[in-house]
$ cat upload_8.txt   # compact mmCIF, C-alpha atoms and all ligand atoms
# COMPACT_ATOMS: atom_id res chain seq x y z
CA MET A 17 11.75 -37.18 -19.24
CA ASP A 18 15.28 -36.87 -17.90
CA LEU A 19 17.15 -33.69 -17.18
CA LYS A 20 19.14 -33.78 -20.39
CA GLU A 21 15.98 -34.03 -22.44
CA ILE A 22 14.40 -31.20 -20.52
CA PHE A 23 17.52 -29.13 -20.94
CA ASP A 24 17.51 -29.63 -24.71
CA LYS A 25 13.83 -28.92 -25.01
CA GLN A 26 14.13 -25.84 -22.89
CA ILE A 27 17.00 -24.44 -24.92
CA GLU A 28 14.94 -25.02 -28.04
CA LEU A 29 11.93 -23.32 -26.48
CA ASN A 30 13.93 -20.42 -25.15
CA GLU A 31 15.33 -19.82 -28.59
CA ARG A 32 11.81 -19.33 -29.85
CA ILE A 33 10.36 -17.48 -26.90
CA ASN A 34 13.21 -15.37 -25.65
CA PRO A 35 16.00 -15.62 -28.20
CA ASP A 36 18.33 -13.06 -26.66
CA LEU A 37 18.42 -14.45 -23.17
CA TYR A 38 19.77 -17.91 -23.83
CA LYS A 39 21.53 -17.24 -27.10
CA GLU A 40 24.60 -16.40 -25.11
CA ILE A 41 24.70 -19.74 -23.33
CA HIS A 42 24.02 -21.56 -26.55
CA ASP A 43 26.66 -19.71 -28.58
CA ASN A 44 29.35 -19.49 -25.99
CA ALA A 45 31.17 -22.81 -25.90
CA ILE A 46 32.72 -22.23 -22.47
CA ARG A 47 29.40 -21.21 -20.92
CA ARG A 48 27.64 -24.15 -22.50
CA GLN A 49 30.35 -26.46 -21.20
CA ARG A 50 29.88 -25.08 -17.70
CA PHE A 51 26.15 -25.46 -18.05
CA LEU A 52 26.52 -29.12 -18.96
CA GLU A 53 29.02 -29.71 -16.16
CA PHE A 54 26.54 -28.18 -13.82
CA GLU A 55 23.85 -30.51 -15.08
CA LEU A 56 26.10 -33.50 -14.44
CA ALA A 57 26.83 -32.34 -10.90
CA LEU A 58 23.16 -31.85 -10.35
CA ARG A 59 22.37 -35.34 -11.52
CA GLN A 60 24.48 -36.62 -8.64
CA GLU A 61 22.04 -34.83 -6.35
CA SER A 62 24.80 -33.84 -4.03
CA ALA A 63 25.69 -30.43 -2.74
CA GLU A 64 29.35 -31.43 -2.63
CA ALA A 65 29.37 -32.17 -6.34
CA ILE A 66 28.07 -28.69 -7.11
CA ASP A 67 30.45 -27.20 -4.62
CA SER A 68 33.53 -28.87 -6.02
CA LEU A 69 32.51 -27.73 -9.47
CA ASN A 70 32.46 -24.14 -8.24
CA TRP A 71 35.90 -24.70 -6.78
CA LYS A 72 37.15 -25.95 -10.10
CA TRP A 73 35.75 -22.99 -11.99
CA TRP A 74 37.14 -20.59 -9.45
CA LYS A 75 40.59 -22.16 -9.55
CA ASN A 76 40.65 -22.33 -13.37
CA SER A 77 39.37 -18.84 -13.98
CA PRO A 78 39.90 -16.62 -10.93
CA ASP A 79 39.88 -13.53 -13.14
CA ASP A 80 36.58 -14.49 -14.62
CA TRP A 81 35.04 -15.32 -11.26
CA GLU A 82 32.77 -12.28 -11.14
CA ASN A 83 31.15 -13.34 -14.41
CA ILE A 84 30.97 -16.95 -13.35
CA LYS A 85 29.08 -15.94 -10.21
CA VAL A 86 26.44 -14.25 -12.32
CA GLU A 87 26.34 -17.28 -14.56
CA LEU A 88 26.03 -19.56 -11.58
CA VAL A 89 23.05 -17.68 -10.26
CA ASP A 90 21.46 -17.92 -13.72
CA MET A 91 22.10 -21.63 -13.78
CA LEU A 92 20.70 -22.23 -10.34
CA HIS A 93 17.56 -20.34 -11.22
CA PHE A 94 17.25 -22.15 -14.49
CA TRP A 95 17.70 -25.56 -12.94
CA VAL A 96 15.37 -24.92 -10.04
CA SER A 97 12.71 -24.21 -12.64
CA MET A 98 13.61 -27.29 -14.59
CA CYS A 99 13.59 -29.43 -11.51
CA THR A 100 10.18 -28.08 -10.65
CA VAL A 101 8.96 -29.15 -14.06
CA ALA A 102 10.58 -32.56 -13.81
CA ASP A 103 9.56 -32.93 -10.19
CA LEU A 104 13.07 -33.99 -9.24
CA ASN A 105 14.72 -34.06 -5.87
CA ALA A 106 17.16 -31.53 -7.14
CA LYS A 107 15.11 -28.83 -5.44
CA ASP A 108 16.32 -30.32 -2.17
CA VAL A 109 19.84 -30.41 -3.51
CA MET A 110 19.56 -26.71 -4.22
CA ASN A 111 18.36 -26.00 -0.73
CA LEU A 112 21.13 -28.09 0.70
CA TYR A 113 23.62 -26.38 -1.55
CA PHE A 114 22.62 -22.96 -0.32
CA LYS A 115 22.85 -24.08 3.28
CA LYS A 116 26.15 -25.92 2.96
CA ASN A 117 27.63 -23.03 1.15
CA GLU A 118 27.28 -20.88 4.20
CA LEU A 119 30.03 -23.00 5.73
CA ASN A 120 32.08 -23.15 2.62
CA HIS A 121 35.56 -21.67 2.25
CA HIS A 122 34.68 -19.48 -0.67
CA ARG A 123 31.47 -18.34 0.87
CA GLN A 124 32.76 -14.77 0.85
CA ASN A 125 33.56 -15.03 -2.82
CA ASN A 126 30.43 -16.51 -4.17
CA GLY A 127 27.92 -14.06 -2.82
CA TYR A 128 25.51 -16.52 -1.22
CA LYS A 129 25.43 -15.11 2.24
CA GLU A 130 23.40 -16.41 5.08
CA GLY A 131 19.75 -15.70 4.53
CA ASN A 132 20.31 -14.85 0.91
CA TYR A 133 17.54 -17.18 -0.11
CA ASP A 134 15.61 -14.48 -1.85
CA LYS A 135 17.79 -14.64 -4.92
CA TYR A 136 16.86 -18.25 -5.12
CA LYS A 137 13.19 -17.36 -4.68
CA ASP A 138 13.34 -14.58 -7.26
CA GLY A 139 14.95 -17.02 -9.61
CA ILE A 140 11.98 -19.31 -9.34
CA GLU A 141 9.71 -16.33 -9.95
CA ASP A 142 11.73 -15.10 -12.90
CA ASN A 143 11.92 -18.48 -14.47
CA LYS A 144 8.33 -19.40 -13.91
CA LYS A 145 7.54 -17.98 -17.29
CA TYR A 146 9.81 -20.53 -18.93
CA VAL A 147 8.20 -23.32 -17.00
CA LEU A 148 4.81 -22.04 -18.01
CA ASN A 149 5.87 -21.43 -21.57
CA LYS A 150 7.04 -24.98 -21.77
CA GLU A 151 3.74 -26.31 -20.60
CA THR A 152 1.52 -23.83 -22.35
CA ALA A 153 3.52 -23.25 -25.51
CA ILE A 154 0.56 -24.36 -27.59
CA ASP A 155 -2.11 -22.38 -25.79
CA LYS A 156 -0.97 -19.19 -24.16
CA LYS A 157 -4.32 -17.59 -24.75
CA ILE A 158 -6.07 -18.86 -21.66
CA LEU A 159 -4.21 -17.39 -18.71
CA ASP A 160 -4.36 -20.27 -16.30
CA GLY A 161 -4.49 -18.69 -12.86
CA LYS A 162 -5.02 -22.04 -11.23
CA LYS A 163 -1.77 -23.37 -12.60
CA VAL A 164 0.26 -20.23 -11.86
CA ALA A 165 -1.17 -20.08 -8.33
CA ALA A 166 -0.34 -23.75 -7.73
CA GLU A 167 3.27 -23.05 -8.75
CA ILE A 168 3.44 -20.07 -6.42
CA LEU A 169 2.06 -22.08 -3.51
CA GLU A 170 4.48 -24.90 -4.22
CA ASN A 171 7.45 -22.54 -4.16
CA LEU A 172 6.10 -20.81 -1.10
CA LYS A 173 5.91 -24.11 0.73
CA ILE A 174 9.61 -24.69 0.08
CA GLU A 175 10.39 -21.26 1.47
CA ILE A 176 8.10 -21.66 4.47
CA ASP A 177 9.48 -25.12 5.31
CA ASP A 178 12.94 -23.66 5.34
CA LEU A 179 11.94 -20.63 7.43
CA LYS A 180 10.07 -22.81 9.90
CA SER A 181 13.10 -24.96 10.49
CA ARG A 182 15.32 -21.94 10.92
CA LEU A 183 12.97 -19.96 13.14
CA GLN A 184 11.22 -22.81 14.91
CA LYS A 185 7.97 -20.89 14.43
CA THR A 186 4.96 -21.45 12.22
CA PRO A 187 3.36 -18.62 10.23
CA GLY A 188 -0.23 -18.00 11.25
CA LEU A 189 -3.23 -16.43 9.52
CA ALA A 190 -6.41 -15.52 11.41
CA VAL A 191 -9.58 -15.48 9.32
CA ILE A 192 -12.67 -13.80 10.72
CA LEU A 193 -16.12 -14.45 9.30
CA ALA A 194 -19.19 -12.67 10.60
CA GLY A 195 -22.51 -13.96 9.30
CA ASN A 196 -23.11 -16.77 6.82
CA ASN A 197 -22.79 -15.32 3.37
CA PRO A 198 -22.42 -18.46 1.19
CA ALA A 199 -19.81 -16.88 -1.10
CA SER A 200 -17.72 -15.87 1.93
CA GLU A 201 -18.07 -19.38 3.36
CA SER A 202 -16.70 -20.81 0.15
CA TYR A 203 -13.85 -18.27 -0.05
CA ILE A 204 -12.63 -18.94 3.46
CA LYS A 205 -12.76 -22.68 2.88
CA MET A 206 -10.42 -22.24 -0.09
CA LYS A 207 -8.16 -19.88 1.86
CA LYS A 208 -7.89 -22.48 4.60
CA SER A 209 -6.96 -25.11 2.06
CA ASP A 210 -4.22 -22.84 0.64
CA CYS A 211 -2.88 -22.41 4.18
CA GLU A 212 -2.69 -26.18 4.53
CA LYS A 213 -0.87 -26.51 1.20
CA THR A 214 1.80 -24.02 2.16
CA GLY A 215 2.26 -24.90 5.83
CA ILE A 216 0.60 -21.78 7.25
CA LYS A 217 -1.50 -22.36 10.36
CA SER A 218 -4.99 -20.95 9.98
CA PHE A 219 -7.11 -19.77 12.87
CA GLU A 220 -10.79 -19.40 12.13
CA TYR A 221 -13.15 -17.12 14.06
CA ARG A 222 -16.84 -17.30 13.22
CA PHE A 223 -19.58 -15.05 14.48
CA PRO A 224 -23.32 -14.95 13.91
CA GLU A 225 -24.87 -12.30 11.66
CA ASN A 226 -25.95 -10.28 14.70
CA ILE A 227 -22.48 -10.04 16.24
CA GLN A 228 -22.00 -6.94 18.37
CA GLU A 229 -19.42 -4.45 17.24
CA LYS A 230 -17.62 -4.54 20.58
CA ASP A 231 -17.03 -8.31 20.30
CA LEU A 232 -15.41 -7.92 16.90
CA ILE A 233 -13.28 -5.03 18.15
CA GLU A 234 -12.16 -7.10 21.11
CA LEU A 235 -11.16 -10.01 18.86
CA ILE A 236 -9.22 -7.81 16.42
CA GLU A 237 -7.36 -6.17 19.28
CA SER A 238 -6.43 -9.49 20.82
CA LEU A 239 -5.25 -10.85 17.42
CA ASN A 240 -3.14 -7.73 16.90
CA ASN A 241 -1.27 -8.74 20.05
CA ASP A 242 -1.16 -12.48 19.43
CA GLN A 243 2.40 -13.65 18.63
CA ASN A 244 1.11 -16.73 16.83
CA VAL A 245 -0.89 -14.67 14.37
CA ASN A 246 1.10 -12.94 11.63
CA GLY A 247 -1.79 -11.97 9.39
CA ILE A 248 -5.43 -11.02 10.01
CA LEU A 249 -8.14 -11.27 7.38
CA LEU A 250 -11.58 -9.88 8.03
CA GLN A 251 -13.79 -11.44 5.39
CA LEU A 252 -15.97 -8.90 3.58
CA PRO A 253 -18.79 -8.06 3.28
CA LEU A 254 -19.60 -7.57 6.94
CA PRO A 255 -23.20 -7.64 8.18
CA ASP A 256 -24.94 -4.34 7.40
CA HIS A 257 -24.90 -2.98 10.96
CA LEU A 258 -21.07 -3.01 11.07
CA ASN A 259 -18.93 -0.29 9.56
CA GLU A 260 -16.33 -1.99 7.34
CA ASP A 261 -13.95 0.97 7.19
CA LYS A 262 -13.93 1.30 10.95
CA MET A 263 -13.23 -2.42 11.46
CA LEU A 264 -10.51 -2.61 8.79
CA ASN A 265 -8.85 0.39 10.42
CA LEU A 266 -8.47 -1.55 13.65
CA ILE A 267 -6.31 -4.26 12.11
CA SER A 268 -2.63 -3.57 12.74
CA PRO A 269 -1.05 -2.44 9.43
CA ALA A 270 1.77 -4.92 10.18
CA LYS A 271 -0.76 -7.79 10.06
CA ASP A 272 -2.98 -6.40 7.30
CA VAL A 273 -2.28 -9.14 4.76
CA ASP A 274 -5.31 -8.09 2.71
CA GLY A 275 -3.66 -4.71 2.14
CA PHE A 276 -6.87 -2.86 3.00
CA HIS A 277 -5.66 -0.65 5.87
CA PRO A 278 -5.44 3.06 4.90
CA THR A 279 -1.73 3.09 5.85
CA ASN A 280 -0.99 0.25 3.45
CA VAL A 281 -3.22 1.64 0.70
CA GLY A 282 -1.38 4.97 1.02
CA LYS A 283 1.99 3.23 0.81
CA LEU A 284 0.86 1.34 -2.27
CA LEU A 285 -0.09 4.61 -3.94
CA LEU A 286 3.35 6.03 -3.12
CA ASP A 287 5.02 2.85 -4.41
CA LEU A 288 6.54 2.14 -1.00
CA PRO A 289 7.03 -1.43 0.25
CA THR A 290 3.77 -2.66 1.74
CA PHE A 291 1.16 -5.43 1.60
CA LYS A 292 -0.30 -5.09 -1.88
CA SER A 293 -3.96 -5.94 -1.92
CA CYS A 294 -4.31 -9.46 -3.12
CA THR A 295 -6.42 -9.21 -6.28
CA PRO A 296 -4.37 -6.47 -7.97
CA TYR A 297 -1.19 -8.20 -6.82
CA GLY A 298 -2.46 -11.45 -8.36
CA ILE A 299 -3.25 -9.68 -11.63
CA CYS A 300 0.30 -8.30 -11.84
CA GLU A 301 1.73 -11.73 -11.08
CA ILE A 302 -0.28 -13.52 -13.77
CA LEU A 303 0.80 -10.92 -16.34
CA LYS A 304 4.37 -11.51 -15.21
CA ALA A 305 4.03 -15.29 -15.33
CA TYR A 306 2.89 -15.12 -18.94
CA ASN A 307 5.40 -12.44 -19.78
CA ILE A 308 2.70 -10.01 -20.93
CA SER A 309 4.28 -6.61 -21.10
CA THR A 310 2.31 -3.62 -19.86
CA GLU A 311 5.02 -1.09 -20.67
CA GLY A 312 3.55 1.83 -22.62
CA LYS A 313 0.30 -0.08 -23.14
CA HIS A 314 -3.10 1.50 -22.85
CA ILE A 315 -4.75 -0.29 -19.95
CA VAL A 316 -8.41 0.34 -19.31
CA VAL A 317 -9.62 -0.60 -15.84
CA VAL A 318 -13.38 -0.91 -15.59
CA GLY A 319 -14.53 -0.50 -11.98
CA ARG A 320 -13.26 1.78 -9.23
CA SER A 321 -13.55 -0.30 -6.06
CA ASN A 322 -11.09 0.19 -3.22
CA ILE A 323 -10.17 -3.50 -3.38
CA VAL A 324 -9.49 -3.84 -7.11
CA GLY A 325 -10.09 -0.90 -9.47
CA LYS A 326 -8.26 1.86 -7.62
CA PRO A 327 -5.21 -0.17 -6.55
CA ILE A 328 -4.70 -1.96 -9.88
CA ALA A 329 -4.95 1.36 -11.75
CA SER A 330 -2.27 2.75 -9.49
CA MET A 331 -0.02 -0.31 -9.66
CA LEU A 332 -0.08 -0.57 -13.44
CA ALA A 333 0.68 3.13 -13.86
CA GLN A 334 3.67 3.00 -11.54
CA LYS A 335 7.27 2.80 -12.65
CA GLY A 336 8.73 -0.66 -13.03
CA PRO A 337 8.46 -3.97 -14.84
CA TYR A 338 4.91 -5.18 -15.46
CA ALA A 339 3.77 -1.60 -14.86
CA ASN A 340 4.62 1.61 -16.80
CA GLY A 341 1.19 1.46 -18.39
CA THR A 342 -1.03 4.33 -19.50
CA VAL A 343 -4.12 3.75 -17.42
CA THR A 344 -7.70 4.88 -17.91
CA LEU A 345 -10.05 4.22 -15.01
CA CYS A 346 -13.68 3.80 -16.12
CA HIS A 347 -16.66 3.17 -13.85
CA SER A 348 -20.42 2.99 -13.74
CA ARG A 349 -20.76 6.73 -14.39
CA THR A 350 -18.39 6.86 -17.35
CA THR A 351 -20.29 7.93 -20.44
CA ASN A 352 -19.85 5.54 -23.33
CA ILE A 353 -17.41 3.10 -21.72
CA SER A 354 -16.85 1.25 -24.99
CA GLU A 355 -15.20 4.33 -26.46
CA TYR A 356 -12.41 3.67 -23.96
CA THR A 357 -12.41 -0.12 -23.91
CA LYS A 358 -12.12 -0.24 -27.72
CA GLN A 359 -8.80 1.58 -27.44
CA ALA A 360 -7.41 -0.73 -24.78
CA ASP A 361 -4.46 -3.04 -25.26
CA ILE A 362 -5.32 -4.55 -21.88
CA ILE A 363 -8.70 -4.46 -20.12
CA VAL A 364 -9.14 -5.19 -16.43
CA ALA A 365 -12.84 -5.84 -15.94
CA ALA A 366 -13.84 -5.36 -12.30
CA ILE A 367 -17.25 -3.76 -12.41
CA GLY A 368 -19.25 -6.58 -10.84
CA LYS A 369 -21.74 -6.93 -13.72
CA PRO A 370 -21.99 -10.31 -15.41
CA LEU A 371 -20.87 -10.49 -19.06
CA PHE A 372 -20.55 -6.69 -19.17
CA ILE A 373 -17.64 -6.53 -21.63
CA LYS A 374 -18.94 -7.64 -25.01
CA LYS A 375 -17.15 -8.45 -28.25
CA ASP A 376 -18.01 -5.11 -29.87
CA MET A 377 -16.40 -3.28 -26.93
CA ILE A 378 -12.86 -4.53 -27.50
CA LYS A 379 -10.03 -4.13 -29.96
CA LYS A 380 -8.94 -7.31 -31.74
CA GLY A 381 -5.97 -8.88 -29.99
CA ALA A 382 -6.59 -7.23 -26.62
CA VAL A 383 -5.56 -8.93 -23.37
CA ILE A 384 -8.51 -9.35 -21.01
CA ILE A 385 -8.26 -9.77 -17.25
CA ASP A 386 -11.64 -10.71 -15.83
CA VAL A 387 -11.99 -10.07 -12.11
CA GLY A 388 -15.77 -10.63 -11.94
CA ILE A 389 -17.38 -13.46 -10.01
CA ASN A 390 -21.13 -13.29 -10.61
CA LYS A 391 -23.94 -15.75 -10.17
CA VAL A 392 -25.97 -16.10 -13.37
CA GLU A 393 -29.18 -18.09 -13.62
CA ASP A 394 -28.71 -21.29 -15.60
CA ARG A 395 -31.61 -23.72 -15.55
CA SER A 396 -29.69 -26.25 -17.63
CA ILE A 397 -27.65 -27.31 -14.60
CA PRO A 398 -29.07 -28.83 -11.41
CA ARG A 399 -28.02 -26.03 -9.03
CA GLY A 400 -29.79 -23.49 -11.28
CA TYR A 401 -26.93 -21.02 -11.66
CA ARG A 402 -23.41 -20.78 -12.96
CA ILE A 403 -20.51 -18.47 -12.15
CA ALA A 404 -19.74 -15.90 -14.83
CA GLY A 405 -17.19 -13.13 -15.02
CA ASP A 406 -17.63 -9.52 -16.05
CA VAL A 407 -16.65 -10.49 -19.59
CA ASP A 408 -18.72 -12.26 -22.24
CA TYR A 409 -16.06 -14.94 -22.46
CA ASP A 410 -17.68 -17.31 -24.97
CA ASN A 411 -18.32 -14.62 -27.54
CA ILE A 412 -15.09 -12.72 -27.02
CA ILE A 413 -12.57 -15.54 -26.95
CA ASP A 414 -11.84 -15.53 -30.70
CA SER A 415 -11.01 -11.83 -30.68
CA VAL A 416 -8.56 -11.68 -27.79
CA SER A 417 -4.87 -12.50 -27.63
CA ALA A 418 -5.14 -13.66 -24.01
CA ILE A 419 -7.86 -13.89 -21.37
CA THR A 420 -8.31 -15.08 -17.79
CA PRO A 421 -11.15 -17.59 -17.40
CA VAL A 422 -13.75 -17.45 -14.63
CA PRO A 423 -13.39 -19.51 -12.55
CA GLY A 424 -9.70 -20.43 -12.63
CA GLY A 425 -8.18 -17.08 -13.53
CA VAL A 426 -7.83 -14.19 -11.09
CA GLY A 427 -9.52 -15.99 -8.14
CA PRO A 428 -6.75 -18.52 -7.39
CA MET A 429 -4.14 -15.81 -7.92
CA THR A 430 -5.83 -13.61 -5.31
CA ARG A 431 -5.70 -16.42 -2.78
CA ALA A 432 -2.08 -17.25 -3.59
CA MET A 433 -1.14 -13.61 -2.96
CA LEU A 434 -2.80 -13.82 0.45
CA MET A 435 -0.37 -16.63 1.27
CA VAL A 436 2.53 -14.57 -0.13
CA ASN A 437 1.52 -11.60 2.04
CA THR A 438 1.12 -13.78 5.12
CA THR A 439 4.61 -15.16 4.57
CA LEU A 440 5.92 -11.62 4.20
CA ALA A 441 4.22 -10.60 7.46
CA TYR A 442 5.74 -13.64 9.19
CA LYS A 443 9.20 -12.74 7.89
CA GLN A 444 8.83 -9.11 8.88
CA GLN A 445 7.63 -10.00 12.35
CA ASN A 446 10.59 -12.32 12.74
CA ILE A 447 12.99 -9.83 11.21
CA ILE A 448 14.00 -11.74 8.10
CA SER A 449 14.80 -9.31 5.32
CA SER A 450 12.64 -9.80 2.27
N1 LIG B 501 -14.36 -10.57 0.16
C1 LIG B 501 -14.21 -10.79 -1.17
N2 LIG B 501 -12.90 -10.75 -1.51
C2 LIG B 501 -12.23 -10.47 -0.35
C3 LIG B 501 -10.86 -10.32 -0.06
O1 LIG B 501 -9.96 -10.40 -0.93
N3 LIG B 501 -10.55 -10.08 1.23
C4 LIG B 501 -11.51 -9.96 2.20
N4 LIG B 501 -11.11 -9.70 3.43
N5 LIG B 501 -12.80 -10.11 1.94
C5 LIG B 501 -13.15 -10.37 0.68

$ encode --input "upload_8.txt" --output "structure tokens"
Amino acid sequence: MDLKEIFDKQIELNERINPDLYKEIHDNAIRRQRFLEFELALRQESAEAIDSLNWKWWKNSPDDWENIKVELVDMLHFWVSMCTVADLNAKDVMNLYFKKNELNHHRQNNGYKEGNYDKYKDGIEDNKKYVLNKETAIDKKILDGKKVAAEILENLKIEIDDLKSRLQKTPGLAVILAGNNPASESYIKMKKSDCEKTGIKSFEYRFPENIQEKDLIELIESLNNDQNVNGILLQLPLPDHLNEDKMLNLISPAKDVDGFHPTNVGKLLLDLPTFKSCTPYGICEILKAYNISTEGKHIVVVGRSNIVGKPIASMLAQKGPYANGTVTLCHSRTTNISEYTKQADIIVAAIGKPLFIKKDMIKKGAVIIDVGINKVEDRSIPRGYRIAGDVDYDNIIDSVSAITPVPGGVGPMTRAMLMVNTTLAYKQQNIISS
């Protein structure tokens, strides 16, 4: 498919999905003309072509330049998304464009200042929903965390590549595993693979089950001071003889990419900038990617863990986009949980009990986010078990408007957010504004 085809298809899709947003481009002949000119410049895959186009627009309409700048940012965001879909080199052209522009004569006018890459990044984020809508227009019911996470990692790699070349430093994540819990083994393997995909260097530290507390303390303290390590992840659960709270407390809040340190948890509650813990962060991002509004919705969170239930309840109740919800937090001691879940527009199931949320516990058309990862006996398959969520997926699927599968829903999103947080830590430690 060439760019023109994608452009036409996207306009058509946007008209259906988000009629207001692109109506303006479609209806406004001058804007549409500029859009097409931009496409032509882009096809040349040259920063100069885009640059000279800006010049032309600026010279022709100096009075309208403020509006054109806004338009230009829209276009760049739009086309970065499109190029991601089409897998075109234009992504590189965009990068080049942003770099070249720093030297350009109307640099001061066009607002792309040095280091202002975040607009570009936000644009990818904002437009991801169009990319996803394009690909999932037929089936938006299954919220494909694997796909959204892959997109996030791909975009992160672009950002990290650029930062690495500017800073001449590689982001680093230290992963500590004590004991040999098979689930933890498998999680850290996947985290390592995500590091490889994004260009983050991973450092692995393994200890036997009977590790002494002092050895773990010593390692954490040395990693806190290690310049090559931007983020530290202590894989939970720890062996029984170690106190998890005490160990998590030792990790420097500046390197706490899990978002588990009390300082960071407190900041999250106050809605201050911090490392958001990865699972709740991933849930918010998948809702955002599929454009599922939480504003004014009744959201029932089932489970009150420190890692998921408490932070997601807080995040979804906060002010802001993909928040502003009315949240009820249920848990194992709630009497008659289904009384609450039946009223929910959105359910976040994080109670750690397989297939806990049944069809008769939900309202028709609810959105279901399933955080559970449980082993359930299944003698029909050679390994004797399968992985099931906290939701009775097979029996509920016809009643929901959207649902995250297990596996392939929240899990990959959680890991992607770990990479996002590690990149943030790397930027903060190298004083790049985020
Ligand atoms: N164990 C299960 N999930 C997690 C996680 O997100 N972070 C850490 N550190 N341990 C875990």

$ residues_around --input "upload_8.txt" --residues "stretch 290-302 of chain A" --least-positions-apart "4" --cutoff "8 Å" --atoms "all atoms listed in the file" --output "ChimeraX atom specification"
/A:159,161,164,272-276,280-281,283-284,306,323-324,327-328,331-332,338,385,426-427,429-434,437

$ residues_near_ligand --input "upload_8.txt" --ligand "ligand LIG 501 (chain B)" --cutoff "6 Å" --atoms "all atoms listed in the file" --output "list of chain:residue names"
A:Leu249, A:Leu250, A:Gln251, A:Leu252, A:Pro253, A:Asp274

$ atom_distance --input "upload_8.txt" --atom1 "atom CA of A:Asn390" --atom2 "atom CA of A:Gly368"
7.0 Å

$ closest_residue --input "upload_8.txt" --among "A:Leu266, A:Ile378, A:Val436, A:Ile447" --to "A:Glu170" --atoms "all atoms listed in the file"
A:Val436

$ atom_distance --input "upload_8.txt" --atom1 "atom CA of A:Lys213" --atom2 "atom CA of A:Leu169"
7.1 Å

$ atom_distance --input "upload_8.txt" --atom1 "atom CA of A:Val387" --atom2 "atom CA of A:Thr357"
15.4 Å

$ residues_around --input "upload_8.txt" --residues "stretch 177-183 of chain A" --least-positions-apart "2" --cutoff "9 Å" --atoms "only C-alpha atoms" --output "tab-separated table (two decimals) with C-alpha atoms, in the frame of the given file"
chain	number	residue	atom	x	y	z
A	111	ASN	CA	18.36	-26.00	-0.73
A	172	LEU	CA	6.10	-20.81	-1.10
A	173	LYS	CA	5.91	-24.11	0.73
A	174	ILE	CA	9.61	-24.69	0.08
A	175	GLU	CA	10.39	-21.26	1.47
A	185	LYS	CA	7.97	-20.89	14.43
A	186	THR	CA	4.96	-21.45	12.22
A	187	PRO	CA	3.36	-18.62	10.23
A	214	THR	CA	1.80	-24.02	2.16
A	215	GLY	CA	2.26	-24.90	5.83
A	443	LYS	CA	9.20	-12.74	7.89
A	446	ASN	CA	10.59	-12.32	12.74

$ residues_around --input "upload_8.txt" --residues "A:Ser309" --least-positions-apart "3" --cutoff "9 Å" --atoms "all atoms listed in the file" --output "MDAnalysis selection string"
chainID A and resid 303:304 306 312:313 337:339

$ residues_near_point --input "upload_8.txt" --point "(-19.5, -9.3, 17.9)" --cutoff "12 Å" --atoms "only C-alpha atoms" --output "PyMOL selection string"
chain A and resi 192-195+221-236+254-255+257-258+263

$ write_last_selection --input "upload_8.txt" --atoms "C-alpha atoms" --output "compact mmCIF listing (two decimals), in the frame of the given file"
# COMPACT_ATOMS: atom_id res chain seq x y z
CA ILE A 192 -12.67 -13.80 10.72
CA LEU A 193 -16.12 -14.45 9.30
CA ALA A 194 -19.19 -12.67 10.60
CA GLY A 195 -22.51 -13.96 9.30
CA TYR A 221 -13.15 -17.12 14.06
CA ARG A 222 -16.84 -17.30 13.22
CA PHE A 223 -19.58 -15.05 14.48
CA PRO A 224 -23.32 -14.95 13.91
CA GLU A 225 -24.87 -12.30 11.66
CA ASN A 226 -25.95 -10.28 14.70
CA ILE A 227 -22.48 -10.04 16.24
CA GLN A 228 -22.00 -6.94 18.37
CA GLU A 229 -19.42 -4.45 17.24
CA LYS A 230 -17.62 -4.54 20.58
CA ASP A 231 -17.03 -8.31 20.30
CA LEU A 232 -15.41 -7.92 16.90
CA ILE A 233 -13.28 -5.03 18.15
CA GLU A 234 -12.16 -7.10 21.11
CA LEU A 235 -11.16 -10.01 18.86
CA ILE A 236 -9.22 -7.81 16.42
CA LEU A 254 -19.60 -7.57 6.94
CA PRO A 255 -23.20 -7.64 8.18
CA HIS A 257 -24.90 -2.98 10.96
CA LEU A 258 -21.07 -3.01 11.07
CA MET A 263 -13.23 -2.42 11.46

$ closest_residue --input "upload_8.txt" --among "A:Tyr409, A:Tyr442, A:Tyr401, A:Tyr356" --to "A:Lys271" --atoms "only C-alpha atoms"
A:Tyr442

$ closest_residue --input "upload_8.txt" --among "A:Ile413, A:Thr439, A:Arg402, A:Leu285" --to "A:Leu189" --atoms "all atoms listed in the file"
A:Thr439

$ build_atoms --input "upload_8.txt" --residues "stretch 47-51 of chain A" --atoms "N, CA and C atoms" --output "compact mmCIF listing (two decimals), in the frame of the given file"
# COMPACT_ATOMS: atom_id res chain seq x y z
N ARG A 47 30.60 -21.28 -21.78
CA ARG A 47 29.40 -21.21 -20.92
C ARG A 47 28.57 -22.48 -21.04
N ARG A 48 28.46 -22.95 -22.30
CA ARG A 48 27.64 -24.15 -22.50
C ARG A 48 28.28 -25.35 -21.80
N GLN A 49 29.62 -25.39 -21.88
CA GLN A 49 30.35 -26.46 -21.20
C GLN A 49 30.07 -26.43 -19.69
N ARG A 50 30.13 -25.21 -19.14
CA ARG A 50 29.88 -25.08 -17.70
C ARG A 50 28.44 -25.49 -17.37
N PHE A 51 27.56 -25.11 -18.26
CA PHE A 51 26.15 -25.46 -18.05
C PHE A 51 25.98 -26.98 -17.99
